[in-house]
Each structure stands twice: as structure tokens, then as C-alpha cells.
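Only one structure is covered here, and it is reproduced in the block below.
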Amino acid sequence: MNIAVVLFPRVTALDAIGPYETLQRLPDATVTFVGHRRGEVRTENGFLGLTVDATFDEVTAPDVVVVPGGIGSRALLKDEVVLDWVRRAHRTSRFTTSVCTGSLILAAAGLLEGRTATTHWGAMDVLGGLGAVPTSARVVEHREERIITAAGVSSGIDMALRLAELLTDRQTAEALQLTIEYDPQPPFDAGSVEKAGPDVLARANELALTKD
């Protein structure tokens, strides 16, 4: 089973690495990081480099597609190389998925037209403008269309565990969860817009501006 994870400049690292850390443990799974060209891309703040192992032309029919998000996703919304690859890959994929603002790319490719989907809370309006129906759910799946979208950053692990269940079975997915010891117990309860107060939301927006 070939799993293709898209990489691009200014990607959010955990959007890609969270699903990778889960899915690479599936039996007979091979994960390939794909992009415009082989070599390193730097993440949002430039501190971390990730490596593209194959170009889009070299991976034409993956079984699973994972499109992460990040500030750099905005530059791909009119990038026909990426959008055409997503469309073509989806024709034969078992599942096409996204994390965070990766769903904007799926929407720009026409995969989410009129369908519910999720993304980072700060990009809901953009997602709606691209033809999807935004929802604040952490993971949204359309089984018949073979599409799953996840909300911001850490939700990619939730999505990957659900995807692992769909690709194998629940026991295997739970075994993967145990293997990565994914047992969230955060010190704060501010992980969604609904839970965070206005001061925390304002501070989050301030911090986000420093990354642009």
C-alpha cells in the first residue's frame, strides 16, 4: 500500500508527520513524500527541513493521499500541477485526505464542491469560498467519495487512526494508537475556538501573524 504525503514550502510539520507517524506502521505500507521537485522544503518558520523523495510525476496512483496544510498551502490554490495531480490521484486512490488547510487544496481541485469539510478554524471562510460546506467537526469523512478531511494540526492523528481502521480493522488501529501512545491529556482545555476565551483567541491570532 503506497501512501503519498504532499510536501511544499512552508508546510506545517505536524500536519504531515502526525499522519506519517501513524500510517507508516500499517502492515505492508510504504510512505512517499511527494512534491514539485526532490529535495528539502522548509516548514512554516524555516526552522525545520523535510525531504521530498519523489516528484508528482513519479507517483501517479497512490493508494492513499495525505495533503497537509500550512501557510504555504495558499500558494497552491492556483497551482495546476498540484491540483491536477490531486484530481488524477483521487480517481484511483482508496482514500484522499487532508489535514488543516490541506482541505483548501482539495477544495480548489474540485473534490469538496457542495460537501461538508473541515480545516483550521482560521481558514473556514476560505474553505467556504472554495465551494465546500465548512464544519467545525474534528474529522469529516465521506465514505462513498473516499474523502476525509481533518481540522487543525493535531487532528491529523485522529484522522490517521480512523483511516487506519478503514484500511484494516479496529483492532489494528487501536494497536497503532497504543504504539504511538496517543493518549491526549493536555494541561489546558483551550483546543478549540468554542473552548478558548476571547483573550486566548486574540493572542492566537497575534501569534499567527508573526508566522506570515
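Ordered as shown in the C-alpha cells, chains take letters A, B, and onward, while each chain numbers its residues from 1 and ligands are numbered from 1 in the order shown.
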
Residue neighbourhood segment 175-189 of chain A, 9 Å, only C-alpha atoms, exclusion window fewer than 3 positions, as a CSV table (one decimal) with C-alpha atoms, in the first residue's frame:
chain,number,residue,atom,x,y,z
A,21,GLU,CA,3.9,8.5,12.3
A,22,THR,CA,0.6,6.6,12.4
A,23,LEU,CA,0.2,5.3,8.9
A,25,ARG,CA,3.2,1.5,10.9
A,26,LEU,CA,0.4,-0.2,8.9
A,157,ILE,CA,-3.5,12.0,14.1
A,161,LEU,CA,-6.2,6.5,13.2
A,164,ALA,CA,-6.1,3.0,9.6
A,170,ARG,CA,-10.4,-1.5,14.6
A,171,GLN,CA,-8.0,-3.7,16.5
A,172,THR,CA,-5.1,-2.8,14.2
A,192,SER,CA,-11.0,24.9,20.0
A,195,LYS,CA,-13.5,26.4,24.5
A,196,ALA,CA,-10.9,29.3,24.3

Can you list, as a VMD selection string, every residue of chain A that DSSP puts in strand (DSSP E or B)?
chain A and resid 2 to 6 11 30 to 35 39 to 43 49 to 52 54 to 55 64 to 67 95 to 99 116 to 117 133 to 134 139 to 142 147 to 150

Given the selection you just returned, output its residues as a file containing C-alpha atoms, formatted as a PDB file, in the first residue's frame.
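Below you can see part-v4.pdb, which holds the result:
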ATOM      1  CA  ASN A   2       1.561   3.234  -1.183  1.00  0.00           C
ATOM      2  CA  ILE A   3       0.764   6.331   0.886  1.00  0.00           C
ATOM      3  CA  ALA A   4       1.685   9.683  -0.672  1.00  0.00           C
ATOM      4  CA  VAL A   5       2.173  12.684   1.610  1.00  0.00           C
ATOM      5  CA  VAL A   6       2.384  16.013  -0.207  1.00  0.00           C
ATOM      6  CA  VAL A  11       4.108  23.311   5.241  1.00  0.00           C
ATOM      7  CA  THR A  30       5.168   2.473   2.119  1.00  0.00           C
ATOM      8  CA  VAL A  31       5.107   6.226   2.653  1.00  0.00           C
ATOM      9  CA  THR A  32       6.444   8.522  -0.048  1.00  0.00           C
ATOM     10  CA  PHE A  33       6.803  12.266   0.420  1.00  0.00           C
ATOM     11  CA  VAL A  34       5.916  13.887  -2.913  1.00  0.00           C
ATOM     12  CA  GLY A  35       6.316  17.406  -4.258  1.00  0.00           C
ATOM     13  CA  GLY A  39      14.951  17.692  -2.103  1.00  0.00           C
ATOM     14  CA  GLU A  40      14.352  19.692   1.006  1.00  0.00           C
ATOM     15  CA  VAL A  41      11.462  22.030   1.724  1.00  0.00           C
ATOM     16  CA  ARG A  42      11.403  24.194   4.822  1.00  0.00           C
ATOM     17  CA  THR A  43       8.429  24.348   7.172  1.00  0.00           C
ATOM     18  CA  GLY A  49      13.507  20.840   6.747  1.00  0.00           C
ATOM     19  CA  LEU A  50      11.545  17.909   5.313  1.00  0.00           C
ATOM     20  CA  THR A  51      12.602  15.931   2.254  1.00  0.00           C
ATOM     21  CA  VAL A  52      10.601  15.337  -0.907  1.00  0.00           C
ATOM     22  CA  ALA A  54       9.619  11.774  -5.381  1.00  0.00           C
ATOM     23  CA  THR A  55       8.020  14.225  -7.762  1.00  0.00           C
ATOM     24  CA  VAL A  64      -3.757   6.933  -0.054  1.00  0.00           C
ATOM     25  CA  VAL A  65      -3.215  10.667  -0.457  1.00  0.00           C
ATOM     26  CA  VAL A  66      -2.469  12.932   2.515  1.00  0.00           C
ATOM     27  CA  VAL A  67      -2.443  16.680   1.856  1.00  0.00           C
ATOM     28  CA  PHE A  95      -8.792   7.483   0.210  1.00  0.00           C
ATOM     29  CA  THR A  96      -7.829  11.096  -0.390  1.00  0.00           C
ATOM     30  CA  THR A  97      -7.330  13.016   2.844  1.00  0.00           C
ATOM     31  CA  SER A  98      -6.259  16.368   4.196  1.00  0.00           C
ATOM     32  CA  VAL A  99      -5.138  17.959   7.421  1.00  0.00           C
ATOM     33  CA  THR A 116     -19.037  19.222   4.259  1.00  0.00           C
ATOM     34  CA  ALA A 117     -15.380  19.533   5.180  1.00  0.00           C
ATOM     35  CA  VAL A 133     -19.526  23.474   3.339  1.00  0.00           C
ATOM     36  CA  PRO A 134     -17.336  24.241   6.377  1.00  0.00           C
ATOM     37  CA  VAL A 139     -12.737  14.807  11.327  1.00  0.00           C
ATOM     38  CA  VAL A 140     -15.214  14.703   8.430  1.00  0.00           C
ATOM     39  CA  GLU A 141     -15.470  11.653   6.204  1.00  0.00           C
ATOM     40  CA  HIS A 142     -17.361  10.899   3.014  1.00  0.00           C
ATOM     41  CA  ILE A 147     -12.535  11.666   1.129  1.00  0.00           C
ATOM     42  CA  ILE A 148     -11.599  12.511   4.718  1.00  0.00           C
ATOM     43  CA  THR A 149     -10.692  15.969   5.998  1.00  0.00           C
ATOM     44  CA  ALA A 150      -9.249  16.817   9.408  1.00  0.00           C
TER      45      ALA A 150
END

Give me the residues near segment 84-94 of chain A as a ChimeraX atom specification, where near means some atom within 8 Å (using only C-alpha atoms) and where sequence neighbours in that chain fewer than 4 positions away do not count.
/A:56,60-65,80,106,109-111,146

Selection from above, N, CA and C atoms, as a tab-separated table (two decimals), in the first residue's frame, can you write it?
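What follows is the written file out-v9.tsv:
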chain	number	residue	atom	x	y	z
A	56	PHE	N	5.72	14.65	-8.31
A	56	PHE	CA	4.34	14.27	-8.61
A	56	PHE	C	4.28	13.33	-9.82
A	60	THR	N	2.03	8.44	-9.44
A	60	THR	CA	0.81	8.80	-10.17
A	60	THR	C	-0.46	8.15	-9.63
A	61	ALA	N	-0.32	7.04	-8.93
A	61	ALA	CA	-1.52	6.32	-8.48
A	61	ALA	C	-1.35	5.77	-7.07
A	62	PRO	N	-1.17	6.64	-6.08
A	62	PRO	CA	-1.04	6.16	-4.70
A	62	PRO	C	-2.36	5.60	-4.18
A	63	ASP	N	-2.26	4.69	-3.23
A	63	ASP	CA	-3.46	4.13	-2.61
A	63	ASP	C	-4.12	5.13	-1.66
A	64	VAL	N	-3.27	5.93	-1.00
A	64	VAL	CA	-3.76	6.93	-0.05
A	64	VAL	C	-3.03	8.24	-0.32
A	65	VAL	N	-3.78	9.33	-0.31
A	65	VAL	CA	-3.22	10.67	-0.46
A	65	VAL	C	-3.44	11.43	0.84
A	80	GLU	N	-1.72	24.53	-10.89
A	80	GLU	CA	-2.37	23.47	-11.64
A	80	GLU	C	-1.59	22.16	-11.61
A	106	LEU	N	-7.77	20.48	-1.60
A	106	LEU	CA	-8.78	19.55	-2.10
A	106	LEU	C	-9.96	20.31	-2.69
A	109	ALA	N	-9.19	21.85	-5.98
A	109	ALA	CA	-9.14	20.81	-7.02
A	109	ALA	C	-10.54	20.33	-7.40
A	110	GLY	N	-11.57	20.81	-6.70
A	110	GLY	CA	-12.94	20.45	-7.03
A	110	GLY	C	-13.47	19.23	-6.32
A	111	LEU	N	-12.72	18.71	-5.36
A	111	LEU	CA	-13.13	17.47	-4.70
A	111	LEU	C	-14.18	17.69	-3.61
A	146	ARG	N	-14.72	8.63	-0.78
A	146	ARG	CA	-13.37	8.27	-0.35
A	146	ARG	C	-12.55	9.49	0.04

DSSP on the backbone: which residues in segment 37-196 of chain A end up as helix (DSSP H, G or I)? Give the answer as a PyMOL selection string.
chain A and resi 56-58+71-76+80-92+102-108+121-129+155-167+170-179

Computed interatomic separation between atom CA of Pro198 of chain A and atom CA of Thr12 of chain A (Å)
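Separating atom CA of Pro198 of chain A from atom CA of Thr12 of chain A is a distance of 24.6 Å.
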
Considering only C-alpha atoms, state which residue in the set A:Met159, A:Ala132, A:Ala29, A:Ala16 is at the smallest distance from Met1 of chain A.
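Of A:Met159, A:Ala132, A:Ala29, A:Ala16, the one nearest Met1 of chain A, counting only C-alpha atoms, is A:Ala29.
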
Residues within 12 Å of Gly128 of chain A, only C-alpha atoms, excluding chain neighbours under 5 positions, as a JSON list (two decimals) with C-alpha atoms, in the first residue's frame:
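Result file follows (around.json):
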[["chain", "number", "residue", "atom", "x", "y", "z"],
["A", 103, "SER", "CA", -8.54, 20.83, 2.64],
["A", 104, "LEU", "CA", -8.30, 24.15, 0.79],
["A", 107, "ALA", "CA", -11.49, 22.16, -2.49],
["A", 108, "ALA", "CA", -9.53, 24.09, -5.12],
["A", 112, "LEU", "CA", -15.21, 19.18, -2.00],
["A", 113, "GLU", "CA", -17.81, 21.02, -4.05],
["A", 114, "GLY", "CA", -21.04, 21.09, -2.01],
["A", 115, "ARG", "CA", -19.61, 18.67, 0.58],
["A", 116, "THR", "CA", -19.04, 19.22, 4.26],
["A", 117, "ALA", "CA", -15.38, 19.53, 5.18],
["A", 118, "THR", "CA", -13.21, 20.87, 7.95],
["A", 119, "THR", "CA", -9.99, 22.84, 8.23],
["A", 121, "TRP", "CA", -10.58, 27.41, 12.44],
["A", 122, "GLY", "CA", -8.81, 30.39, 10.92],
["A", 123, "ALA", "CA", -9.50, 29.24, 7.35],
["A", 133, "VAL", "CA", -19.53, 23.47, 3.34],
["A", 134, "PRO", "CA", -17.34, 24.24, 6.38],
["A", 135, "THR", "CA", -17.94, 22.47, 9.67]]

Can you pull out every residue within 12 Å of Ala75 of chain A, counting only C-alpha atoms, but drop anything in the same chain fewer than 4 positions away, and send it as a VMD selection string?
chain A and resid 8 to 11 69 to 71 79 to 83 101 to 102 104 to 105 108

Would you mind exporting the chosen residues as a JSON list (two decimals), in the first residue's frame, restricted to C-alpha atoms?
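So the final result, stored in selection12.json, reads:
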[["chain", "number", "residue", "atom", "x", "y", "z"],
["A", 8, "PHE", "CA", 5.62, 22.06, -0.17],
["A", 9, "PRO", "CA", 7.45, 25.14, 1.13],
["A", 10, "ARG", "CA", 6.02, 26.49, 4.41],
["A", 11, "VAL", "CA", 4.11, 23.31, 5.24],
["A", 69, "GLY", "CA", -1.68, 22.37, 5.41],
["A", 70, "GLY", "CA", 0.35, 25.37, 6.41],
["A", 71, "ILE", "CA", 0.84, 28.93, 5.27],
["A", 79, "ASP", "CA", -1.06, 25.69, -8.85],
["A", 80, "GLU", "CA", -2.37, 23.47, -11.64],
["A", 81, "VAL", "CA", 0.49, 20.98, -11.26],
["A", 82, "VAL", "CA", -0.62, 20.20, -7.72],
["A", 83, "LEU", "CA", -4.34, 20.43, -8.41],
["A", 101, "THR", "CA", -5.60, 23.92, 5.38],
["A", 102, "GLY", "CA", -4.78, 20.98, 3.14],
["A", 104, "LEU", "CA", -8.30, 24.15, 0.79],
["A", 105, "ILE", "CA", -6.21, 22.34, -1.82],
["A", 108, "ALA", "CA", -9.53, 24.09, -5.12]]

Between atom CA of Ala190 of chain A and atom CA of Ala208 of chain A, what is the spacing in Å?
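Separation of atom CA of Ala208 of chain A and atom CA of Ala190 of chain A: 16.0 Å.
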
Could you work out how far atom CA of Val153 of chain A lies from atom CA of Glu194 of chain A, giving the answer in Å with one decimal?
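About the pair atom CA of Glu194 of chain A and atom CA of Val153 of chain A: they are 16.9 Å apart.
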